[in-house]
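What follows is the content of run_1.csv, which has CSV, C-alpha atoms and all ligand atoms:
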chain,number,residue,atom,x,y,z
R,1,MET,CA,0.0,0.0,0.0
R,2,THR,CA,1.4,3.4,-0.9
R,3,LEU,CA,1.9,6.1,1.5
R,4,GLN,CA,-0.5,8.5,-0.3
R,5,SER,CA,-3.3,6.1,0.1
R,6,GLU,CA,-3.0,5.8,3.9
R,7,ILE,CA,-3.9,9.5,4.3
R,8,HIS,CA,-6.0,11.5,1.8
R,9,VAL,CA,-5.3,15.2,1.5
R,10,HIS,CA,-7.7,17.6,-0.1
R,11,ARG,CA,-8.3,21.4,-0.2
R,12,HIS,CA,-11.8,23.0,-0.2
R,13,GLY,CA,-11.2,26.7,-0.6
R,14,ALA,CA,-9.7,27.9,2.7
R,15,VAL,CA,-10.1,24.6,4.4
R,16,GLY,CA,-7.5,21.8,4.3
R,17,HIS,CA,-8.8,18.3,4.8
R,18,ILE,CA,-6.8,15.2,6.0
R,19,SER,CA,-8.6,11.8,6.0
R,20,LEU,CA,-7.1,8.8,7.7
R,21,ASN,CA,-7.4,5.8,5.3
R,22,ARG,CA,-6.1,2.6,6.7
R,23,PRO,CA,-9.5,0.9,7.2
R,24,LYS,CA,-8.1,-2.7,7.6
R,25,ALA,CA,-6.6,-1.5,10.9
R,26,ILE,CA,-9.3,1.0,11.9
R,27,ASN,CA,-6.9,3.7,10.8
R,28,ALA,CA,-4.3,2.8,13.5
R,29,LEU,CA,-1.4,5.2,12.9
R,30,THR,CA,1.8,4.1,11.2
R,31,GLN,CA,5.0,6.1,11.2
R,32,ASP,CA,4.5,7.0,7.5
R,33,MET,CA,1.0,8.3,8.3
R,34,CYS,CA,2.3,10.4,11.2
R,35,GLU,CA,5.1,11.8,9.0
R,36,ALA,CA,2.8,12.5,6.1
R,37,MET,CA,0.3,14.3,8.4
R,38,ALA,CA,3.1,16.4,9.9
R,39,ASP,CA,4.5,17.3,6.5
R,40,THR,CA,1.0,18.4,5.3
R,41,LEU,CA,0.3,20.4,8.5
R,42,LEU,CA,3.8,22.1,8.2
R,43,GLU,CA,3.0,23.1,4.6
R,44,TRP,CA,-0.4,24.5,5.5
R,45,ARG,CA,1.0,26.3,8.5
R,46,ASN,CA,2.8,28.7,6.1
R,47,ASP,CA,0.0,28.8,3.5
R,48,ASP,CA,-2.0,32.0,4.0
R,49,ALA,CA,-4.8,30.6,1.8
R,50,ILE,CA,-5.6,27.8,4.4
R,51,THR,CA,-7.3,29.0,7.6
R,52,ALA,CA,-8.7,25.8,9.1
R,53,ILE,CA,-8.1,22.0,8.8
R,54,ILE,CA,-10.6,19.2,9.0
R,55,LEU,CA,-9.3,15.8,10.3
R,56,ASP,CA,-11.5,12.7,9.8
R,57,HIS,CA,-11.4,9.2,8.4
R,58,ALA,CA,-12.2,8.1,4.9
R,59,GLU,CA,-14.2,5.0,5.5
R,60,GLY,CA,-14.9,2.2,7.9
R,61,ARG,CA,-15.8,1.6,11.5
R,62,GLY,CA,-13.8,4.3,13.2
R,63,PHE,CA,-11.7,7.4,13.3
R,64,CYS,CA,-8.5,5.8,14.7
R,65,ALA,CA,-8.0,2.7,16.8
R,66,GLY,CA,-4.5,3.6,18.0
R,67,GLY,CA,-1.0,3.1,16.8
R,68,ASP,CA,0.9,0.4,14.9
R,69,VAL,CA,1.7,-1.6,18.1
R,70,GLN,CA,2.2,-4.8,16.2
R,71,LEU,CA,5.1,-3.2,14.4
R,72,VAL,CA,6.4,-1.9,17.7
R,73,ARG,CA,6.2,-5.4,19.2
R,74,ARG,CA,8.1,-7.0,16.2
R,75,SER,CA,10.7,-4.3,16.7
R,76,ALA,CA,11.1,-5.1,20.3
R,77,LEU,CA,11.7,-8.8,19.3
R,78,GLU,CA,13.8,-8.2,16.2
R,79,ASP,CA,15.8,-4.9,16.3
R,80,ASP,CA,16.1,-4.0,19.9
R,81,GLY,CA,13.2,-1.6,19.6
R,82,ALA,CA,14.8,0.8,17.2
R,83,ALA,CA,11.9,0.9,14.8
R,84,GLY,CA,9.4,1.2,17.7
R,85,ARG,CA,11.2,4.2,19.1
R,86,ALA,CA,11.3,5.8,15.7
R,87,PHE,CA,7.5,5.3,15.5
R,88,PHE,CA,6.8,6.9,18.9
R,89,ARG,CA,9.2,9.8,18.1
R,90,ALA,CA,7.2,10.5,14.9
R,91,GLU,CA,3.8,10.1,16.6
R,92,TYR,CA,4.6,12.3,19.5
R,93,ARG,CA,6.1,15.0,17.2
R,94,LEU,CA,2.7,15.0,15.3
R,95,ASN,CA,0.9,15.2,18.6
R,96,HIS,CA,3.0,18.2,19.7
R,97,MET,CA,2.7,19.9,16.3
R,98,MET,CA,-1.1,19.7,16.5
R,99,PHE,CA,-1.1,20.9,20.1
R,100,THR,CA,0.9,24.0,19.1
R,101,TYR,CA,-0.7,24.5,15.7
R,102,PRO,CA,-1.7,28.2,15.0
R,103,LYS,CA,-4.8,27.4,12.9
R,104,PRO,CA,-7.9,25.6,14.1
R,105,ILE,CA,-8.1,21.9,13.5
R,106,ILE,CA,-11.5,20.2,13.6
R,107,ALA,CA,-11.3,16.5,14.5
R,108,PHE,CA,-14.3,14.2,13.8
R,109,MET,CA,-14.2,11.5,16.5
R,110,ASP,CA,-16.9,9.4,14.7
R,111,GLY,CA,-16.5,5.8,15.8
R,112,VAL,CA,-13.6,4.2,17.5
R,113,THR,CA,-11.2,6.9,19.0
R,114,MET,CA,-8.7,5.1,21.1
R,115,GLY,CA,-5.0,5.5,22.1
R,116,GLY,CA,-3.3,7.1,19.1
R,117,GLY,CA,-6.8,8.4,17.9
R,118,VAL,CA,-7.0,10.3,21.2
R,119,GLY,CA,-3.6,11.7,20.6
R,120,ILE,CA,-4.6,13.3,17.3
R,121,SER,CA,-8.1,14.5,18.5
R,122,GLN,CA,-7.4,16.0,21.9
R,123,PRO,CA,-4.9,18.7,20.7
R,124,CYS,CA,-7.5,20.0,18.2
R,125,LYS,CA,-9.5,23.2,19.0
R,126,PHE,CA,-12.7,21.6,17.8
R,127,ARG,CA,-13.5,17.9,18.7
R,128,VAL,CA,-16.7,16.6,17.4
R,129,ALA,CA,-18.3,13.5,18.9
R,130,THR,CA,-21.3,11.5,17.6
R,131,GLU,CA,-23.5,8.7,18.9
R,132,ASN,CA,-20.9,6.3,17.3
R,133,THR,CA,-17.9,7.7,19.3
R,134,MET,CA,-16.1,5.1,21.3
R,135,PHE,CA,-13.4,6.8,23.2
R,136,ALA,CA,-10.8,4.9,25.4
R,137,MET,CA,-7.2,4.8,26.6
R,138,PRO,CA,-6.8,1.0,26.5
R,139,GLU,CA,-3.0,0.7,26.9
R,140,GLY,CA,-3.3,-1.1,30.2
R,141,SER,CA,-4.6,-4.1,28.3
R,142,ILE,CA,-1.4,-4.3,26.2
R,143,GLY,CA,1.2,-3.5,28.9
R,144,LEU,CA,2.0,-0.1,27.5
R,145,PHE,CA,0.8,3.2,29.3
R,146,PRO,CA,-1.5,6.1,28.5
R,147,ASP,CA,0.7,8.1,26.1
R,148,VAL,CA,0.1,10.4,23.1
R,149,GLY,CA,-0.3,13.3,25.6
R,150,ALA,CA,-2.4,11.6,28.2
R,151,GLY,CA,0.0,12.8,30.8
R,152,TRP,CA,-1.2,16.3,29.9
R,153,TYR,CA,-4.9,15.8,29.2
R,154,LEU,CA,-6.0,13.2,31.8
R,155,PRO,CA,-5.0,15.3,34.9
R,156,ARG,CA,-6.9,18.2,33.5
R,157,LEU,CA,-10.3,16.3,33.4
R,158,PRO,CA,-12.8,16.9,36.1
R,159,GLY,CA,-12.2,15.2,39.5
R,160,GLN,CA,-10.5,11.8,39.2
R,161,LEU,CA,-11.9,11.0,35.7
R,162,GLY,CA,-8.4,11.0,34.2
R,163,ARG,CA,-7.2,8.3,36.6
R,164,PHE,CA,-10.4,6.4,36.0
R,165,LEU,CA,-9.9,6.4,32.2
R,166,GLY,CA,-6.2,5.5,32.4
R,167,LEU,CA,-6.5,2.7,34.9
R,168,THR,CA,-9.8,1.0,33.7
R,169,GLY,CA,-9.5,1.6,30.0
R,170,ALA,CA,-13.2,2.5,30.2
R,171,ARG,CA,-15.0,3.3,26.9
R,172,LEU,CA,-16.9,6.6,26.7
R,173,ASP,CA,-19.6,7.3,24.2
R,174,GLY,CA,-20.1,10.6,22.5
R,175,ALA,CA,-22.4,12.1,25.1
R,176,GLU,CA,-19.9,11.2,27.8
R,177,CYS,CA,-17.1,12.8,25.8
R,178,LEU,CA,-19.1,16.0,25.5
R,179,TRP,CA,-19.9,16.0,29.2
R,180,ALA,CA,-16.2,15.4,30.2
R,181,GLY,CA,-14.9,18.1,27.8
R,182,LEU,CA,-13.1,15.5,25.7
R,183,ALA,CA,-15.4,16.7,22.8
R,184,THR,CA,-16.3,20.3,22.3
R,185,HIS,CA,-19.3,19.5,20.1
R,186,TYR,CA,-21.8,16.7,19.4
R,187,VAL,CA,-23.6,16.0,16.1
R,188,SER,CA,-25.5,12.9,15.0
R,189,ALA,CA,-23.5,10.7,12.6
R,190,ALA,CA,-26.1,11.4,9.9
R,191,ASP,CA,-25.2,15.1,10.1
R,192,VAL,CA,-21.4,14.7,9.9
R,193,ALA,CA,-21.3,15.4,6.2
R,194,GLU,CA,-23.4,18.5,6.6
R,195,ALA,CA,-21.2,19.7,9.5
R,196,LYS,CA,-18.1,19.5,7.2
R,197,ALA,CA,-20.0,21.3,4.4
R,198,HIS,CA,-21.0,24.1,6.9
R,199,ILE,CA,-17.3,24.5,8.0
R,200,ILE,CA,-16.2,24.7,4.4
R,201,GLU,CA,-18.9,27.4,3.7
R,202,THR,CA,-18.2,29.4,6.9
R,203,PRO,CA,-14.6,28.6,8.0
R,204,HIS,CA,-14.4,31.9,9.9
R,205,ASP,CA,-17.1,30.7,12.4
R,206,ILE,CA,-16.5,27.0,13.0
R,207,ASP,CA,-18.2,27.1,16.4
R,208,ALA,CA,-21.4,28.4,14.8
R,209,ALA,CA,-21.2,25.9,12.0
R,210,LEU,CA,-21.1,23.0,14.4
R,211,ARG,CA,-23.5,24.5,17.0
R,212,SER,CA,-26.2,24.8,14.4
R,213,LEU,CA,-26.3,21.0,14.2
R,214,MET,CA,-26.1,20.2,17.9
R,215,PRO,CA,-29.1,18.5,19.4
R,216,SER,CA,-30.9,20.3,22.2
R,217,PRO,CA,-31.0,19.4,25.0
R,218,ALA,CA,-27.5,17.8,25.0
R,219,PRO,CA,-27.6,13.9,25.0
R,220,ASP,CA,-27.6,12.2,28.4
R,221,ALA,CA,-24.2,11.2,29.8
R,222,ARG,CA,-24.5,8.1,31.9
R,223,LEU,CA,-21.0,8.7,33.3
R,224,ALA,CA,-22.2,11.8,35.1
R,225,GLY,CA,-24.1,9.5,37.4
R,226,ASN,CA,-20.9,7.8,38.4
R,227,ALA,CA,-18.8,10.9,38.8
R,228,ALA,CA,-19.1,11.1,42.6
R,229,SER,CA,-18.0,7.4,43.0
R,230,ILE,CA,-15.1,8.0,40.6
R,231,ASP,CA,-13.9,11.0,42.5
R,232,LYS,CA,-14.1,9.1,45.8
R,233,LEU,CA,-12.8,5.7,44.9
R,234,PHE,CA,-9.9,6.9,42.6
R,235,ALA,CA,-8.7,9.5,45.1
R,236,PRO,CA,-6.1,7.3,46.8
R,237,ASP,CA,-2.6,8.0,45.4
R,238,THR,CA,-1.5,4.4,45.2
R,239,LEU,CA,-2.8,1.5,43.0
R,240,GLU,CA,-3.1,-0.6,46.1
R,241,GLY,CA,-5.2,2.1,47.7
R,242,ILE,CA,-7.5,2.5,44.7
R,243,LEU,CA,-8.0,-1.3,44.5
R,244,ALA,CA,-8.8,-1.4,48.3
R,245,ALA,CA,-11.3,1.4,47.9
R,246,LEU,CA,-13.1,-0.3,45.0
R,247,GLU,CA,-13.2,-3.5,46.9
R,248,ALA,CA,-14.5,-1.9,50.1
R,249,ASP,CA,-17.3,-0.1,48.2
R,250,GLY,CA,-18.9,-3.4,47.2
R,251,SER,CA,-21.5,-1.9,44.7
R,252,ASP,CA,-22.0,-3.6,41.3
R,253,TRP,CA,-20.4,-0.6,39.6
R,254,ALA,CA,-17.3,-0.7,41.9
R,255,ASN,CA,-17.0,-4.5,41.4
R,256,LYS,CA,-17.1,-4.1,37.7
R,257,GLU,CA,-14.4,-1.4,37.7
R,258,LEU,CA,-12.3,-3.4,40.3
R,259,LYS,CA,-12.3,-6.3,37.8
R,260,ALA,CA,-11.3,-3.9,35.0
R,261,VAL,CA,-8.3,-2.4,36.9
R,262,ALA,CA,-7.2,-5.7,38.3
R,263,SER,CA,-7.0,-7.3,34.8
R,264,LYS,CA,-4.7,-4.5,33.5
R,265,CYS,CA,-0.9,-4.7,33.6
R,266,PRO,CA,0.2,-3.7,37.1
R,267,THR,CA,3.3,-2.0,35.9
R,268,THR,CA,1.2,0.0,33.4
R,269,CYS,CA,-1.1,1.1,36.2
R,270,LYS,CA,1.7,2.3,38.5
R,271,VAL,CA,3.4,4.0,35.6
R,272,ALA,CA,0.1,5.8,34.8
R,273,LEU,CA,-0.3,7.0,38.4
R,274,ARG,CA,3.2,8.4,38.5
R,275,GLN,CA,2.9,10.0,35.0
R,276,LEU,CA,-0.4,11.7,35.7
R,277,ALA,CA,1.1,13.3,38.8
R,278,ALA,CA,4.2,14.5,37.0
R,279,ASP,CA,2.9,18.0,36.3
R,280,ALA,CA,5.2,18.8,33.3
R,281,PRO,CA,5.7,22.6,32.8
R,282,ASP,CA,4.6,22.4,29.2
R,283,PHE,CA,3.3,20.0,26.6
R,284,ALA,CA,6.7,19.4,25.0
R,285,ALA,CA,8.2,18.5,28.4
R,286,ASN,CA,5.3,16.1,28.9
R,287,MET,CA,6.0,14.4,25.5
R,288,ALA,CA,9.7,14.1,26.3
R,289,LEU,CA,8.8,12.3,29.5
R,290,GLU,CA,6.3,10.1,27.7
R,291,TYR,CA,9.0,9.2,25.2
R,292,ARG,CA,11.4,8.1,28.0
R,293,ILE,CA,8.6,5.9,29.4
R,294,ALA,CA,7.7,4.5,25.9
R,295,ALA,CA,11.3,3.7,25.1
R,296,ARG,CA,11.5,1.5,28.3
R,297,MET,CA,8.0,0.1,28.2
R,298,LEU,CA,8.2,-1.2,24.6
R,299,MET,CA,11.1,-3.4,25.5
R,300,ARG,CA,9.4,-5.0,28.5
R,301,HIS,CA,7.9,-8.5,28.6
R,302,ASP,CA,4.4,-7.0,29.5
R,303,PHE,CA,4.1,-5.0,26.2
R,304,ILE,CA,5.2,-8.0,24.0
R,305,GLU,CA,2.8,-10.2,26.0
R,306,GLY,CA,0.0,-7.8,26.0
R,307,VAL,CA,0.0,-7.2,22.2
R,308,ARG,CA,0.3,-11.0,21.8
R,309,ALA,CA,-2.8,-11.6,24.0
R,310,VAL,CA,-5.0,-8.8,22.5
R,311,LEU,CA,-3.9,-8.5,18.8
R,312,VAL,CA,-1.7,-11.5,17.8
R,313,ASP,CA,-3.2,-14.7,19.4
R,314,LYS,CA,-6.3,-12.9,20.6
R,315,ASP,CA,-6.7,-15.2,23.6
R,316,GLY,CA,-7.3,-12.3,26.0
R,317,ALA,CA,-5.1,-14.0,28.7
R,318,PRO,CA,-1.9,-12.0,29.2
R,319,GLN,CA,0.5,-13.2,31.9
R,320,TRP,CA,1.9,-10.0,33.5
R,321,HIS,CA,5.4,-9.9,35.1
R,322,PRO,CA,5.3,-8.7,37.8
R,323,SER,CA,1.8,-10.0,38.3
R,324,THR,CA,0.7,-8.1,41.4
R,325,PRO,CA,0.8,-4.3,42.3
R,326,GLU,CA,2.9,-5.1,45.4
R,327,ALA,CA,5.6,-6.6,43.3
R,328,VAL,CA,6.1,-3.4,41.2
R,329,THR,CA,8.7,-1.5,43.1
R,330,GLU,CA,9.6,2.2,43.2
R,331,ALA,CA,13.1,1.3,41.8
R,332,MET,CA,11.5,-0.3,38.8
R,333,LEU,CA,9.4,2.8,38.1
R,334,ASP,CA,12.5,5.0,38.7
R,335,ALA,CA,14.3,3.1,35.9
R,336,ILE,CA,11.3,3.5,33.5
R,337,PHE,CA,11.2,7.3,34.1
R,338,ALA,CA,15.0,7.9,34.1
R,339,PRO,CA,16.5,10.2,31.5
R,340,LEU,CA,17.7,8.6,28.2
R,341,PRO,CA,21.4,8.8,27.1
R,342,ASP,CA,22.6,12.0,25.4
R,343,GLY,CA,21.2,12.4,21.9
R,344,GLU,CA,18.3,10.0,22.5
R,345,GLU,CA,15.8,12.3,24.2
R,346,TRP,CA,12.7,13.4,22.4
R,347,THR,CA,12.6,16.9,20.8
R,348,PRO,CA,9.8,18.6,19.0
R,349,LEU,CA,9.9,19.2,15.2
R,350,ALA,CA,10.8,22.8,14.3
R,401,LIG,C1,-4.6,-1.2,23.4
R,401,LIG,C2,-4.1,-0.4,22.4
R,401,LIG,C3,-4.4,-0.7,21.0
R,401,LIG,C4,-5.3,-1.7,20.7
R,401,LIG,C5,-5.9,-2.4,21.8
R,401,LIG,C6,-5.6,-2.2,23.1
R,401,LIG,C7,-3.8,0.0,19.9
R,401,LIG,C8,-4.2,-0.3,18.6
R,401,LIG,C9,-5.1,-1.4,18.4
R,401,LIG,C10,-5.6,-1.8,17.1
R,401,LIG,C11,-6.9,-2.2,16.9
R,401,LIG,C12,-7.3,-2.7,15.7
R,401,LIG,C13,-6.4,-2.9,14.7
R,401,LIG,C14,-5.1,-2.5,14.9
R,401,LIG,C15,-4.7,-2.0,16.1
R,401,LIG,O1,-5.7,-2.0,19.5
R,401,LIG,O2,-2.9,1.0,20.1
R,401,LIG,O3,-4.2,-2.7,13.9
R,401,LIG,O4,-6.8,-3.4,13.5
R,401,LIG,O5,-3.6,0.3,17.5
R,401,LIG,O6,-6.1,-2.9,24.1
R,401,LIG,O7,-3.2,0.5,22.6
Since I need it in another form, could you write the structure as structure tokens?
Amino acid sequence: MTLQSEIHVHRHGAVGHISLNRPKAINALTQDMCEAMADTLLEWRNDDAITAIILDHAEGRGFCAGGDVQLVRRSALEDDGAAGRAFFRAEYRLNHMMFTYPKPIIAFMDGVTMGGGVGISQPCKFRVATENTMFAMPEGSIGLFPDVGAGWYLPRLPGQLGRFLGLTGARLDGAECLWAGLATHYVSAADVAEAKAHIIETPHDIDAALRSLMPSPAPDARLAGNAASIDKLFAPDTLEGILAALEADGSDWANKELKAVASKCPTTCKVALRQLAADAPDFAANMALEYRIAARMLMRHDFIEGVRAVLVDKDGAPQWHPSTPEAVTEAMLDAIFAPLPDGEEWTPLA
């Protein structure tokens, strides 16, 4: 498959349009896709004729299911992780370029929006959810960690919602994304084409173009009913404390979330808690920290095993090492967060 076919690039007057087009993998991002998107955005950054950019997917079930983690796994097994690190470097550079982009980008989170898909939607000024939106940070299932800027976005969500999303991998629908601020607008999937047409007609007032199609009242967010429980039970600062709080609660909801957290990679969960507390001074510093973590996590047993269990053998039965929260030591976490050797740290693109 040629590079050009994995993203489609169009111009409609003053509006640039990038469509992800790798439907066989629900548009999971490859390094080539990240670099092609960054090249296109760089070109449009200096093009006075372009004032806004639409980001969506060309066809299929979802906006973007994540990143090319099967390639990263093969890299860990075959080339000491070199290709995997190159992928994360490119992906995080795209995330950072979008975060600092001087023109509005409108992301259509229509369908699956997980992992890498979160990383290219959250930096956008306009984030449009639909009834098909399925948002999640599922990295705990594959022994990775919530990356692509999650260390920046999750701590800024209301209450303990960020911890909840990072530790449980919970799936949010479009109404819940709007309630949480993960989406700025909501339109029905049937109106997505019209929303894009409105933006192209009135690119100077994107908010009005989208608002005119928003249902009123806003759709009901089930998650709002669990917010008080989330804030209480995810308040402890340790994984052991959160698991104990969920267990002590005893409600059906808490038992379900206890099972979700307990099934995730314990090292991932402890990395996530430390990362979400890191409080980087700016987005670039956050991405540099995430790159250090990624460079270590991609070489660990848990990532190789997690991708095997979820995407290769699909048995859903990963064997984590260490297998319990208590066995994940502070010294192990220190090594995962430690600076990289000179010349290997992540830096943004110019
Ligand atoms: C965690 C992840 C990913 C995941 C599942 C997880 C991820 C990812 C995919 C994915 C899904 C469908 C595909 C594909 C990849 O699944 O990052 O190629 O067809 O890309 O539990 O982080």
> If you count all atoms listed in the file, which residues end up within 10 Å of ligand LIG 401 (chain R), as an MDAnalysis selection string?
Replying inline: chainID R and resid 22:30 62 64:71 112 114:117 136:147 169 264 303 306:307 309:312 316
> Looking at only C-alpha atoms, which of R:Leu210, R:Thr168, R:Pro102, R:Ser323 is the one that sits closest to Lys259 (chain R)?
Replying inline: R:Thr168
Need the shell around Pro348 (chain R): protein/DNA/RNA residues with any atom at most 8 Å away, counting only C-alpha atoms. Skip same-chain ones fewer than 4 positions apart. Format as a PDB file with C-alpha atoms, in the coordinates of the input?
ATOM      1  CA  ARG R  93       6.100  15.000  17.200  1.00  0.00           C
ATOM      2  CA  HIS R  96       3.000  18.200  19.700  1.00  0.00           C
ATOM      3  CA  MET R  97       2.700  19.900  16.300  1.00  0.00           C
ATOM      4  CA  ALA R 284       6.700  19.400  25.000  1.00  0.00           C
TER       5      ALA R 284
END
> Quick one: residues within 9 Å of Met214 (chain R), all atoms listed in the file counted, chain neighbours fewer than 4 positions away excluded, as an MDAnalysis selection string?
Replying inline: chainID R and resid 185:188 210 218
> Rounded to one decimal in Å, what is the spacing between CA of Trp179 (chain R) and CA of Pro158 (chain R)?
Replying inline: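 Value for the CA of Trp179 (chain R)-CA of Pro158 (chain R) distance: 9.9 Å.
Closest approach to Leu55 (chain R) from the set R:Gly81, R:Pro155, R:Gly16, R:Gly250 is made by R:Gly16, with distances taken over all atoms listed in the file.
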Can you list every residue of region 63-179 of chain R that has an atom at most 12 Å from region 37-49 of chain R, with its nearest atom pair and the distance in Å to one decimal, using only C-alpha atoms, ordered by chain then number, as CSV?
residue,atom,partner,partner_atom,distance
R:Ala90,CA,R:Ala38,CA,8.8
R:Glu91,CA,R:Ala38,CA,9.2
R:Tyr92,CA,R:Ala38,CA,10.5
R:Arg93,CA,R:Ala38,CA,8.0
R:Leu94,CA,R:Ala38,CA,5.6
R:Asn95,CA,R:Ala38,CA,9.1
R:His96,CA,R:Ala38,CA,10.0
R:Met97,CA,R:Ala38,CA,7.3
R:Met98,CA,R:Leu41,CA,8.2
R:Phe99,CA,R:Leu41,CA,11.7
R:Thr100,CA,R:Arg45,CA,10.8
R:Tyr101,CA,R:Arg45,CA,7.6
R:Pro102,CA,R:Arg45,CA,7.3
R:Lys103,CA,R:Arg45,CA,7.4
R:Pro104,CA,R:Arg45,CA,10.5
R:Ile105,CA,R:Leu41,CA,9.9
R:Ile120,CA,R:Met37,CA,10.2
> Using all atoms listed in the file, which residues sit within 10 Å of region 163-165 of chain R once same-chain residues fewer than 4 positions away are excluded, as a ChimeraX atom specification?
Replying inline: /R:135-138,146,150,154-155,157,159,169-172,227,230-231,233-235,237,242,257,261,269,272-273,276-277
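Shortest separation to Asp282 (chain R) among R:Asp342, R:Gly162, R:Tyr153, R:Arg296 occurs at residue R:Tyr153, atoms counted being only C-alpha atoms.
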>> At a cut-off of 7 Å, using all atoms listed in the file, what residues contact Asn132 (chain R)? Leave out same-chain residues fewer than 4 positions from it and give the result as a list in words.
In response: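 Contacts, in chain order: Asp110, Gly111, Gly174 and Ala189 of chain R.
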>> What does the structure give for the distance between CA of Val15 (chain R) and CA of Ala195 (chain R), in Å to one decimal?
In response: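 Going from CA of Val15 (chain R) over to CA of Ala195 (chain R), I get 13.2 Å.
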